[in-house]
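Participant: File my_file30.pdb below, PDB, C-alpha atoms:
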```pdb
ATOM      1  CA  MET A 263     172.376  13.528  15.881  1.00  0.00           C
ATOM      2  CA  ASP A 264     169.615  15.703  14.446  1.00  0.00           C
ATOM      3  CA  LYS A 265     165.908  15.461  15.311  1.00  0.00           C
ATOM      4  CA  ASN A 266     164.926  13.372  12.239  1.00  0.00           C
ATOM      5  CA  ASN A 267     167.672  10.828  12.868  1.00  0.00           C
ATOM      6  CA  SER A 268     166.554  10.511  16.508  1.00  0.00           C
ATOM      7  CA  LYS A 269     162.992   9.760  15.439  1.00  0.00           C
ATOM      8  CA  ILE A 270     164.176   7.155  12.947  1.00  0.00           C
ATOM      9  CA  MET A 271     166.417   5.574  15.590  1.00  0.00           C
ATOM     10  CA  VAL A 272     163.538   5.377  18.109  1.00  0.00           C
ATOM     11  CA  LYS A 273     161.277   3.782  15.479  1.00  0.00           C
ATOM     12  CA  LEU A 274     163.945   1.214  14.599  1.00  0.00           C
ATOM     13  CA  ILE A 275     164.419   0.330  18.265  1.00  0.00           C
ATOM     14  CA  LEU A 276     160.670  -0.089  18.763  1.00  0.00           C
ATOM     15  CA  ILE A 277     160.356  -2.270  15.658  1.00  0.00           C
ATOM     16  CA  SER A 278     163.323  -4.395  16.753  1.00  0.00           C
ATOM     17  CA  PHE A 279     161.891  -4.800  20.246  1.00  0.00           C
ATOM     18  CA  THR A 280     158.501  -5.854  18.817  1.00  0.00           C
ATOM     19  CA  LEU A 281     160.142  -8.401  16.512  1.00  0.00           C
ATOM     20  CA  ILE A 282     162.182  -9.833  19.374  1.00  0.00           C
ATOM     21  CA  LEU A 283     159.097 -10.204  21.583  1.00  0.00           C
ATOM     22  CA  SER A 284     157.035 -11.825  18.840  1.00  0.00           C
ATOM     23  CA  GLY A 285     159.872 -14.259  18.142  1.00  0.00           C
ATOM     24  CA  CYS A 286     159.957 -15.327  21.800  1.00  0.00           C
ATOM     25  CA  SER A 287     156.521 -16.890  21.691  1.00  0.00           C
ATOM     26  CA  ASN A 288     156.500 -20.694  21.747  1.00  0.00           C
ATOM     27  CA  LEU A 289     153.101 -20.830  20.050  1.00  0.00           C
ATOM     28  CA  HIS A 290     152.941 -22.190  16.525  1.00  0.00           C
ATOM     29  CA  SER A 291     150.057 -23.145  14.256  1.00  0.00           C
ATOM     30  CA  TYR A 292     148.642 -26.627  14.660  1.00  0.00           C
ATOM     31  CA  LYS A 293     149.416 -28.927  11.713  1.00  0.00           C
ATOM     32  CA  ASN A 294     146.617 -31.405  10.969  1.00  0.00           C
ATOM     33  CA  GLU A 295     147.363 -35.030  11.838  1.00  0.00           C
ATOM     34  CA  ASN A 296     144.115 -36.413  10.390  1.00  0.00           C
ATOM     35  CA  THR A 297     141.216 -35.389   8.178  1.00  0.00           C
ATOM     36  CA  ASN A 298     139.226 -32.561   9.736  1.00  0.00           C
ATOM     37  CA  ASN A 299     137.278 -34.009  12.658  1.00  0.00           C
ATOM     38  CA  VAL A 300     137.094 -30.995  15.001  1.00  0.00           C
ATOM     39  CA  VAL A 301     135.426 -27.654  14.304  1.00  0.00           C
ATOM     40  CA  MET A 302     135.756 -24.652  16.637  1.00  0.00           C
ATOM     41  CA  TYR A 303     134.064 -21.262  16.512  1.00  0.00           C
ATOM     42  CA  MET A 304     132.762 -18.319  18.529  1.00  0.00           C
ATOM     43  CA  GLU A 305     129.033 -17.800  18.844  1.00  0.00           C
ATOM     44  CA  LYS A 306     126.987 -14.826  20.077  1.00  0.00           C
ATOM     45  CA  ASN A 307     130.045 -12.649  19.984  1.00  0.00           C
ATOM     46  CA  SER A 308     128.803  -9.079  20.318  1.00  0.00           C
ATOM     47  CA  ASP A 309     132.341  -7.800  20.758  1.00  0.00           C
ATOM     48  CA  SER A 310     134.521  -8.056  17.661  1.00  0.00           C
ATOM     49  CA  SER A 311     137.674  -7.738  19.773  1.00  0.00           C
ATOM     50  CA  VAL A 312     137.179 -11.254  21.213  1.00  0.00           C
ATOM     51  CA  LYS A 313     139.109 -14.094  19.618  1.00  0.00           C
ATOM     52  CA  GLY A 314     139.457 -17.753  20.477  1.00  0.00           C
ATOM     53  CA  ARG A 315     142.588 -19.849  20.590  1.00  0.00           C
ATOM     54  CA  ALA A 316     142.945 -23.558  21.198  1.00  0.00           C
ATOM     55  CA  ASP A 317     146.302 -24.731  22.538  1.00  0.00           C
ATOM     56  CA  ILE A 318     146.499 -28.440  21.705  1.00  0.00           C
ATOM     57  CA  PHE A 319     148.493 -30.996  23.694  1.00  0.00           C
ATOM     58  CA  MET A 320     148.677 -34.740  22.917  1.00  0.00           C
ATOM     59  CA  ILE A 321     148.772 -37.024  25.943  1.00  0.00           C
ATOM     60  CA  ASP A 322     151.351 -39.788  26.097  1.00  0.00           C
ATOM     61  CA  ARG A 323     149.772 -42.176  28.611  1.00  0.00           C
ATOM     62  CA  LYS A 324     152.798 -44.476  28.704  1.00  0.00           C
ATOM     63  CA  ASN A 325     155.081 -41.752  30.091  1.00  0.00           C
ATOM     64  CA  CYS A 326     152.323 -39.557  31.586  1.00  0.00           C
ATOM     65  CA  ARG A 327     153.403 -36.524  29.529  1.00  0.00           C
ATOM     66  CA  GLN A 328     151.677 -33.983  27.384  1.00  0.00           C
ATOM     67  CA  THR A 329     153.317 -32.659  24.237  1.00  0.00           C
ATOM     68  CA  TYR A 330     152.388 -29.297  22.759  1.00  0.00           C
ATOM     69  CA  LYS A 331     151.218 -29.883  19.167  1.00  0.00           C
ATOM     70  CA  GLY A 332     150.271 -26.330  18.205  1.00  0.00           C
ATOM     71  CA  SER A 333     147.599 -23.668  18.447  1.00  0.00           C
ATOM     72  CA  SER A 334     144.607 -22.805  16.340  1.00  0.00           C
ATOM     73  CA  TRP A 335     143.037 -19.322  16.291  1.00  0.00           C
ATOM     74  CA  PHE A 336     139.385 -18.693  15.449  1.00  0.00           C
ATOM     75  CA  THR A 337     136.528 -16.166  15.622  1.00  0.00           C
ATOM     76  CA  LYS A 338     132.992 -16.488  14.235  1.00  0.00           C
ATOM     77  CA  LYS A 339     134.432 -18.175  11.166  1.00  0.00           C
ATOM     78  CA  PRO A 340     134.718 -21.930  11.891  1.00  0.00           C
ATOM     79  CA  GLU A 341     138.216 -23.354  12.181  1.00  0.00           C
ATOM     80  CA  HIS A 342     138.575 -27.017  11.187  1.00  0.00           C
ATOM     81  CA  ILE A 343     141.408 -29.193  12.474  1.00  0.00           C
ATOM     82  CA  GLY A 344     142.265 -32.883  12.326  1.00  0.00           C
ATOM     83  CA  LEU A 345     143.285 -34.780  15.467  1.00  0.00           C
ATOM     84  CA  LYS A 346     144.567 -38.387  15.447  1.00  0.00           C
ATOM     85  CA  ASN A 347     142.049 -41.148  16.115  1.00  0.00           C
ATOM     86  CA  ASN A 348     142.431 -43.256  19.278  1.00  0.00           C
ATOM     87  CA  LYS A 349     144.531 -40.537  20.928  1.00  0.00           C
ATOM     88  CA  SER A 350     143.809 -38.318  23.914  1.00  0.00           C
ATOM     89  CA  TYR A 351     144.334 -34.584  23.890  1.00  0.00           C
ATOM     90  CA  VAL A 352     144.184 -31.766  26.385  1.00  0.00           C
ATOM     91  CA  ILE A 353     142.916 -28.592  24.757  1.00  0.00           C
ATOM     92  CA  ASP A 354     143.163 -25.206  26.436  1.00  0.00           C
ATOM     93  CA  PHE A 355     140.376 -23.099  24.957  1.00  0.00           C
ATOM     94  CA  GLN A 356     141.360 -19.449  25.399  1.00  0.00           C
ATOM     95  CA  PHE A 357     139.107 -16.395  25.233  1.00  0.00           C
ATOM     96  CA  LEU A 358     141.315 -13.451  24.265  1.00  0.00           C
ATOM     97  CA  VAL A 359     139.803  -9.989  24.761  1.00  0.00           C
ATOM     98  CA  SER A 360     141.469  -6.811  23.585  1.00  0.00           C
ATOM     99  CA  SER A 361     140.074  -3.426  24.584  1.00  0.00           C
ATOM    100  CA  TRP A 362     141.729  -0.038  24.674  1.00  0.00           C
ATOM    101  CA  LEU A 363     139.604   0.872  27.733  1.00  0.00           C
ATOM    102  CA  ARG A 364     140.066  -2.337  29.733  1.00  0.00           C
ATOM    103  CA  GLY A 365     143.340  -3.555  28.234  1.00  0.00           C
ATOM    104  CA  ASP A 366     144.057  -7.128  27.176  1.00  0.00           C
ATOM    105  CA  SER A 367     142.771 -10.093  29.139  1.00  0.00           C
ATOM    106  CA  SER A 368     142.282 -13.810  28.687  1.00  0.00           C
ATOM    107  CA  ILE A 369     140.524 -16.687  30.367  1.00  0.00           C
ATOM    108  CA  ALA A 370     140.992 -20.384  29.615  1.00  0.00           C
ATOM    109  CA  GLU A 371     139.028 -23.560  29.983  1.00  0.00           C
ATOM    110  CA  ARG A 372     140.920 -26.850  29.762  1.00  0.00           C
ATOM    111  CA  ARG A 373     139.219 -29.952  28.378  1.00  0.00           C
ATOM    112  CA  MET A 374     140.340 -33.500  27.750  1.00  0.00           C
ATOM    113  CA  LEU A 375     139.228 -35.029  24.470  1.00  0.00           C
ATOM    114  CA  LYS A 376     139.545 -38.683  23.466  1.00  0.00           C
ATOM    115  CA  ILE A 377     139.286 -38.881  19.668  1.00  0.00           C
ATOM    116  CA  LYS A 378     137.262 -41.871  18.456  1.00  0.00           C
ATOM    117  CA  PRO A 379     137.027 -43.094  14.861  1.00  0.00           C
ATOM    118  CA  GLY A 380     133.576 -42.477  13.383  1.00  0.00           C
ATOM    119  CA  PHE A 381     133.025 -39.321  15.408  1.00  0.00           C
ATOM    120  CA  LYS A 382     133.572 -35.632  14.879  1.00  0.00           C
ATOM    121  CA  TYR A 383     133.771 -32.922  17.521  1.00  0.00           C
ATOM    122  CA  GLU A 384     132.418 -29.405  17.814  1.00  0.00           C
ATOM    123  CA  ALA A 385     133.566 -26.668  20.189  1.00  0.00           C
ATOM    124  CA  LYS A 386     131.362 -23.591  20.545  1.00  0.00           C
ATOM    125  CA  LEU A 387     132.781 -20.708  22.513  1.00  0.00           C
ATOM    126  CA  PHE A 388     130.293 -18.122  23.704  1.00  0.00           C
ATOM    127  CA  TYR A 389     131.207 -14.615  24.789  1.00  0.00           C
ATOM    128  CA  GLU A 390     128.634 -11.997  25.683  1.00  0.00           C
ATOM    129  CA  GLU A 391     129.309  -8.958  27.866  1.00  0.00           C
ATOM    130  CA  GLN A 392     132.221 -10.501  29.785  1.00  0.00           C
ATOM    131  CA  LEU A 393     130.446 -13.851  30.267  1.00  0.00           C
ATOM    132  CA  TYR A 394     132.301 -16.867  28.928  1.00  0.00           C
ATOM    133  CA  GLU A 395     131.110 -20.380  28.145  1.00  0.00           C
ATOM    134  CA  LEU A 396     132.435 -23.408  26.287  1.00  0.00           C
ATOM    135  CA  LYS A 397     130.201 -26.139  24.897  1.00  0.00           C
ATOM    136  CA  LEU A 398     131.886 -29.261  23.548  1.00  0.00           C
ATOM    137  CA  TYR A 399     130.043 -31.927  21.555  1.00  0.00           C
ATOM    138  CA  GLU A 400     130.782 -35.392  20.170  1.00  0.00           C
ATOM    139  CA  ILE A 401     128.849 -36.162  16.971  1.00  0.00           C
ATOM    140  CA  ASN A 402     128.351 -39.657  15.560  1.00  0.00           C
ATOM    141  CA  LYS A 403     129.116 -39.473  11.817  1.00  0.00           C
ATOM    142  CA  LYS A 404     126.677 -42.313  10.991  1.00  0.00           C
ATOM    143  CA  ASN A 405     123.490 -40.896  12.511  1.00  0.00           C
ATOM    144  CA  ASN A 406     124.581 -37.306  13.277  1.00  0.00           C
ATOM    145  CA  LYS A 407     123.568 -37.740  16.950  1.00  0.00           C
ATOM    146  CA  LYS A 408     125.124 -35.012  19.081  1.00  0.00           C
ATOM    147  CA  LYS A 409     126.211 -35.631  22.683  1.00  0.00           C
ATOM    148  CA  LYS A 410     127.507 -32.918  25.007  1.00  0.00           C
ATOM    149  CA  ILE A 411     130.920 -33.663  26.512  1.00  0.00           C
ATOM    150  CA  TYR A 412     131.330 -32.513  30.073  1.00  0.00           C
ATOM    151  CA  LEU A 413     134.551 -31.942  31.947  1.00  0.00           C
ATOM    152  CA  GLU A 414     136.562 -35.151  31.901  1.00  0.00           C
ATOM    153  CA  TYR A 415     139.418 -35.987  34.215  1.00  0.00           C
ATOM    154  CA  ASP A 416     141.876 -38.780  33.612  1.00  0.00           C
ATOM    155  CA  THR A 417     143.167 -40.301  36.860  1.00  0.00           C
ATOM    156  CA  SER A 418     145.726 -42.536  35.121  1.00  0.00           C
ATOM    157  CA  CYS A 419     148.223 -39.668  35.006  1.00  0.00           C
ATOM    158  CA  ASP A 420     148.034 -37.202  37.873  1.00  0.00           C
ATOM    159  CA  LYS A 421     150.848 -35.112  36.319  1.00  0.00           C
ATOM    160  CA  ILE A 422     148.650 -33.949  33.442  1.00  0.00           C
TER
END
```
For the file at hand, write its structure as C-alpha cells.

Facilitator:
Amino acid sequence: MDKNNSKIMVKLILISFTLILSGCSNLHSYKNENTNNVVMYMEKNSDSSVKGRADIFMIDRKNCRQTYKGSSWFTKKPEHIGLKNNKSYVIDFQFLVSSWLRGDSSIAERRMLKIKPGFKYEAKLFYEEQLYELKLYEINKKNNKKKKIYLEYDTSCDKI
C-alpha cells in the first residue's frame, strides 16, 4: 500500500469510528407534547464554548418510574418546549463546557417540575468564569406574576 492510500485508509477509519460513537448516544431531541410552556436559555455567558442541555424525563407516579422523553440544547438563544399539563417531570439541566486548554467538562442540576395549566416556566442558566447557577421560575399566564421554584423532592417515589 502506498503512502496516499494509507492516509486515505486512516481517514476512513477515523470517520467510521466517529460515526459509530455518535450513533451510540441514546440522546434524541425532545418532541413537544403541548404548546410551548417552558423557555430555557443561558444568561451572562462570557464563554461562547458553554452550552446548555436539558434531559427531560416524565414521571409515572403509578409505577414509580421515569421515562426519558428527549433532550433540548440551548445557548443564549431561548429554546421553547412544550410539556404536558398535570404531569411531573425531572429535568437534568446540564452545563457543557468545551475548552482546548481544560478539555471537556459538564455539571448537572436536577429539578422536578410539576406542569400546571395556566402557567409557563422559565429556566435561566448562568455561567461566569466556572461558576454555575440555575434559576427556575413559574409564571402565572393571567397576571404574569413570577415565582421562583426551589429544589423540590417528591417522597412518593423514592426510586426517582

Participant: Between A:Ile318, A:Ile401, A:Ile377, A:Val300, single out the one closest to A:Gln356, counting only C-alpha atoms.

Facilitator: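 That would be A:Ile318, the residue with the smallest distance to A:Gln356.
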
Participant: Box time for stretch 403-412 of chain A: axis-aligned, enclosing all its listed atoms, 5 Å extra on each side; report centre and edge lengths in Å to one decimal, as lines of an AutoDock Vina configuration file.

Facilitator:
```
center_x = 127.4
center_y = -37.4
center_z = 20.5
size_x = 17.8
size_y = 19.8
size_z = 29.1
```

Participant: Which residues, named as in the file, does the PyMOL selection byres ((chain A and resi 344) around 12) pick out? Answer as a PyMOL selection string.

Facilitator: chain A and resi 292-302+318+331-332+334+341-343+345-347+349+351+377-379+381-384

Participant: Check which residues of stretch 307-380 of chain A sit at most 12 Å from stretch 385-400 of chain A using all atoms listed in the file, and return one row each with the closest pair of atoms and their distance in Å to one decimal, ordered by chain and rising number, as JSON lines.

Facilitator:
```
{"residue": "A:Asn307", "atom": "CA", "partner": "A:Tyr389", "partner_atom": "CA", "distance": 5.3}
{"residue": "A:Ser308", "atom": "CA", "partner": "A:Glu390", "partner_atom": "CA", "distance": 6.1}
{"residue": "A:Asp309", "atom": "CA", "partner": "A:Glu390", "partner_atom": "CA", "distance": 7.5}
{"residue": "A:Ser310", "atom": "CA", "partner": "A:Tyr389", "partner_atom": "CA", "distance": 10.2}
{"residue": "A:Ser311", "atom": "CA", "partner": "A:Tyr389", "partner_atom": "CA", "distance": 10.7}
{"residue": "A:Val312", "atom": "CA", "partner": "A:Tyr389", "partner_atom": "CA", "distance": 7.7}
{"residue": "A:Lys313", "atom": "CA", "partner": "A:Tyr389", "partner_atom": "CA", "distance": 9.5}
{"residue": "A:Gly314", "atom": "CA", "partner": "A:Leu387", "partner_atom": "CA", "distance": 7.6}
{"residue": "A:Arg315", "atom": "CA", "partner": "A:Leu387", "partner_atom": "CA", "distance": 10.0}
{"residue": "A:Ala316", "atom": "CA", "partner": "A:Ala385", "partner_atom": "CA", "distance": 9.9}
{"residue": "A:Phe336", "atom": "CA", "partner": "A:Leu387", "partner_atom": "CA", "distance": 9.9}
{"residue": "A:Thr337", "atom": "CA", "partner": "A:Leu387", "partner_atom": "CA", "distance": 9.1}
{"residue": "A:Lys338", "atom": "CA", "partner": "A:Leu387", "partner_atom": "CA", "distance": 9.3}
{"residue": "A:Lys339", "atom": "CA", "partner": "A:Lys386", "partner_atom": "CA", "distance": 11.3}
{"residue": "A:Pro340", "atom": "CA", "partner": "A:Lys386", "partner_atom": "CA", "distance": 9.4}
{"residue": "A:Glu341", "atom": "CA", "partner": "A:Ala385", "partner_atom": "CA", "distance": 9.8}
{"residue": "A:His342", "atom": "CA", "partner": "A:Ala385", "partner_atom": "CA", "distance": 10.3}
{"residue": "A:Ile343", "atom": "CA", "partner": "A:Ala385", "partner_atom": "CA", "distance": 11.3}
{"residue": "A:Ile353", "atom": "CA", "partner": "A:Ala385", "partner_atom": "CA", "distance": 10.6}
{"residue": "A:Asp354", "atom": "CA", "partner": "A:Leu396", "partner_atom": "CA", "distance": 10.9}
{"residue": "A:Phe355", "atom": "CA", "partner": "A:Leu396", "partner_atom": "CA", "distance": 8.1}
{"residue": "A:Gln356", "atom": "CA", "partner": "A:Leu387", "partner_atom": "CA", "distance": 9.1}
{"residue": "A:Phe357", "atom": "CA", "partner": "A:Tyr394", "partner_atom": "CA", "distance": 7.8}
{"residue": "A:Leu358", "atom": "CA", "partner": "A:Tyr389", "partner_atom": "CA", "distance": 10.2}
{"residue": "A:Val359", "atom": "CA", "partner": "A:Gln392", "partner_atom": "CA", "distance": 9.1}
{"residue": "A:Ser360", "atom": "CA", "partner": "A:Gln392", "partner_atom": "CA", "distance": 11.7}
{"residue": "A:Ser361", "atom": "CA", "partner": "A:Gln392", "partner_atom": "CA", "distance": 11.8}
{"residue": "A:Arg364", "atom": "CA", "partner": "A:Gln392", "partner_atom": "CA", "distance": 11.3}
{"residue": "A:Ser367", "atom": "CA", "partner": "A:Gln392", "partner_atom": "CA", "distance": 10.6}
{"residue": "A:Ser368", "atom": "CA", "partner": "A:Tyr394", "partner_atom": "CA", "distance": 10.4}
{"residue": "A:Ile369", "atom": "CA", "partner": "A:Tyr394", "partner_atom": "CA", "distance": 8.3}
{"residue": "A:Ala370", "atom": "CA", "partner": "A:Tyr394", "partner_atom": "CA", "distance": 9.4}
{"residue": "A:Glu371", "atom": "CA", "partner": "A:Leu396", "partner_atom": "CA", "distance": 7.6}
{"residue": "A:Arg372", "atom": "CA", "partner": "A:Leu396", "partner_atom": "CA", "distance": 9.8}
{"residue": "A:Arg373", "atom": "CA", "partner": "A:Leu398", "partner_atom": "CA", "distance": 8.8}
{"residue": "A:Met374", "atom": "CA", "partner": "A:Leu398", "partner_atom": "CA", "distance": 10.3}
{"residue": "A:Leu375", "atom": "CA", "partner": "A:Leu398", "partner_atom": "CA", "distance": 9.4}
{"residue": "A:Lys376", "atom": "CA", "partner": "A:Glu400", "partner_atom": "CA", "distance": 9.9}
{"residue": "A:Ile377", "atom": "CA", "partner": "A:Glu400", "partner_atom": "CA", "distance": 9.2}
{"residue": "A:Lys378", "atom": "CA", "partner": "A:Glu400", "partner_atom": "CA", "distance": 9.3}
{"residue": "A:Pro379", "atom": "CA", "partner": "A:Glu400", "partner_atom": "CA", "distance": 11.2}
{"residue": "A:Gly380", "atom": "CA", "partner": "A:Glu400", "partner_atom": "CA", "distance": 10.2}
```

Participant: Give me, please, the distance in Å between atom CA of A:Leu289 and atom CA of A:Tyr303, quoted to one decimal.

Facilitator: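 If I compute the distance from atom CA of A:Leu289 to atom CA of A:Tyr303, I get 19.4 Å.
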
Participant: When you draw a straight line from atom CA of A:Phe319 to atom CA of A:His290, how long is it in Å?

Facilitator: 12.2 Å

Participant: Could you state the separation of atom CA of A:Asn325 and atom CA of A:Ser350 in Å, given to one decimal place?

Facilitator: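 Answer for the atom CA of A:Asn325 to atom CA of A:Ser350 separation: 13.3 Å.
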
Participant: Which neighbours of A:Thr329 fall inside 8 Å, counting only C-alpha atoms, when residues of the same chain fewer than 6 positions from it are skipped, and could you give them as a list in words?

Facilitator: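 Counting only C-alpha atoms, the residues come to Phe319, Met320, Ile321 and Asp322 of chain A.
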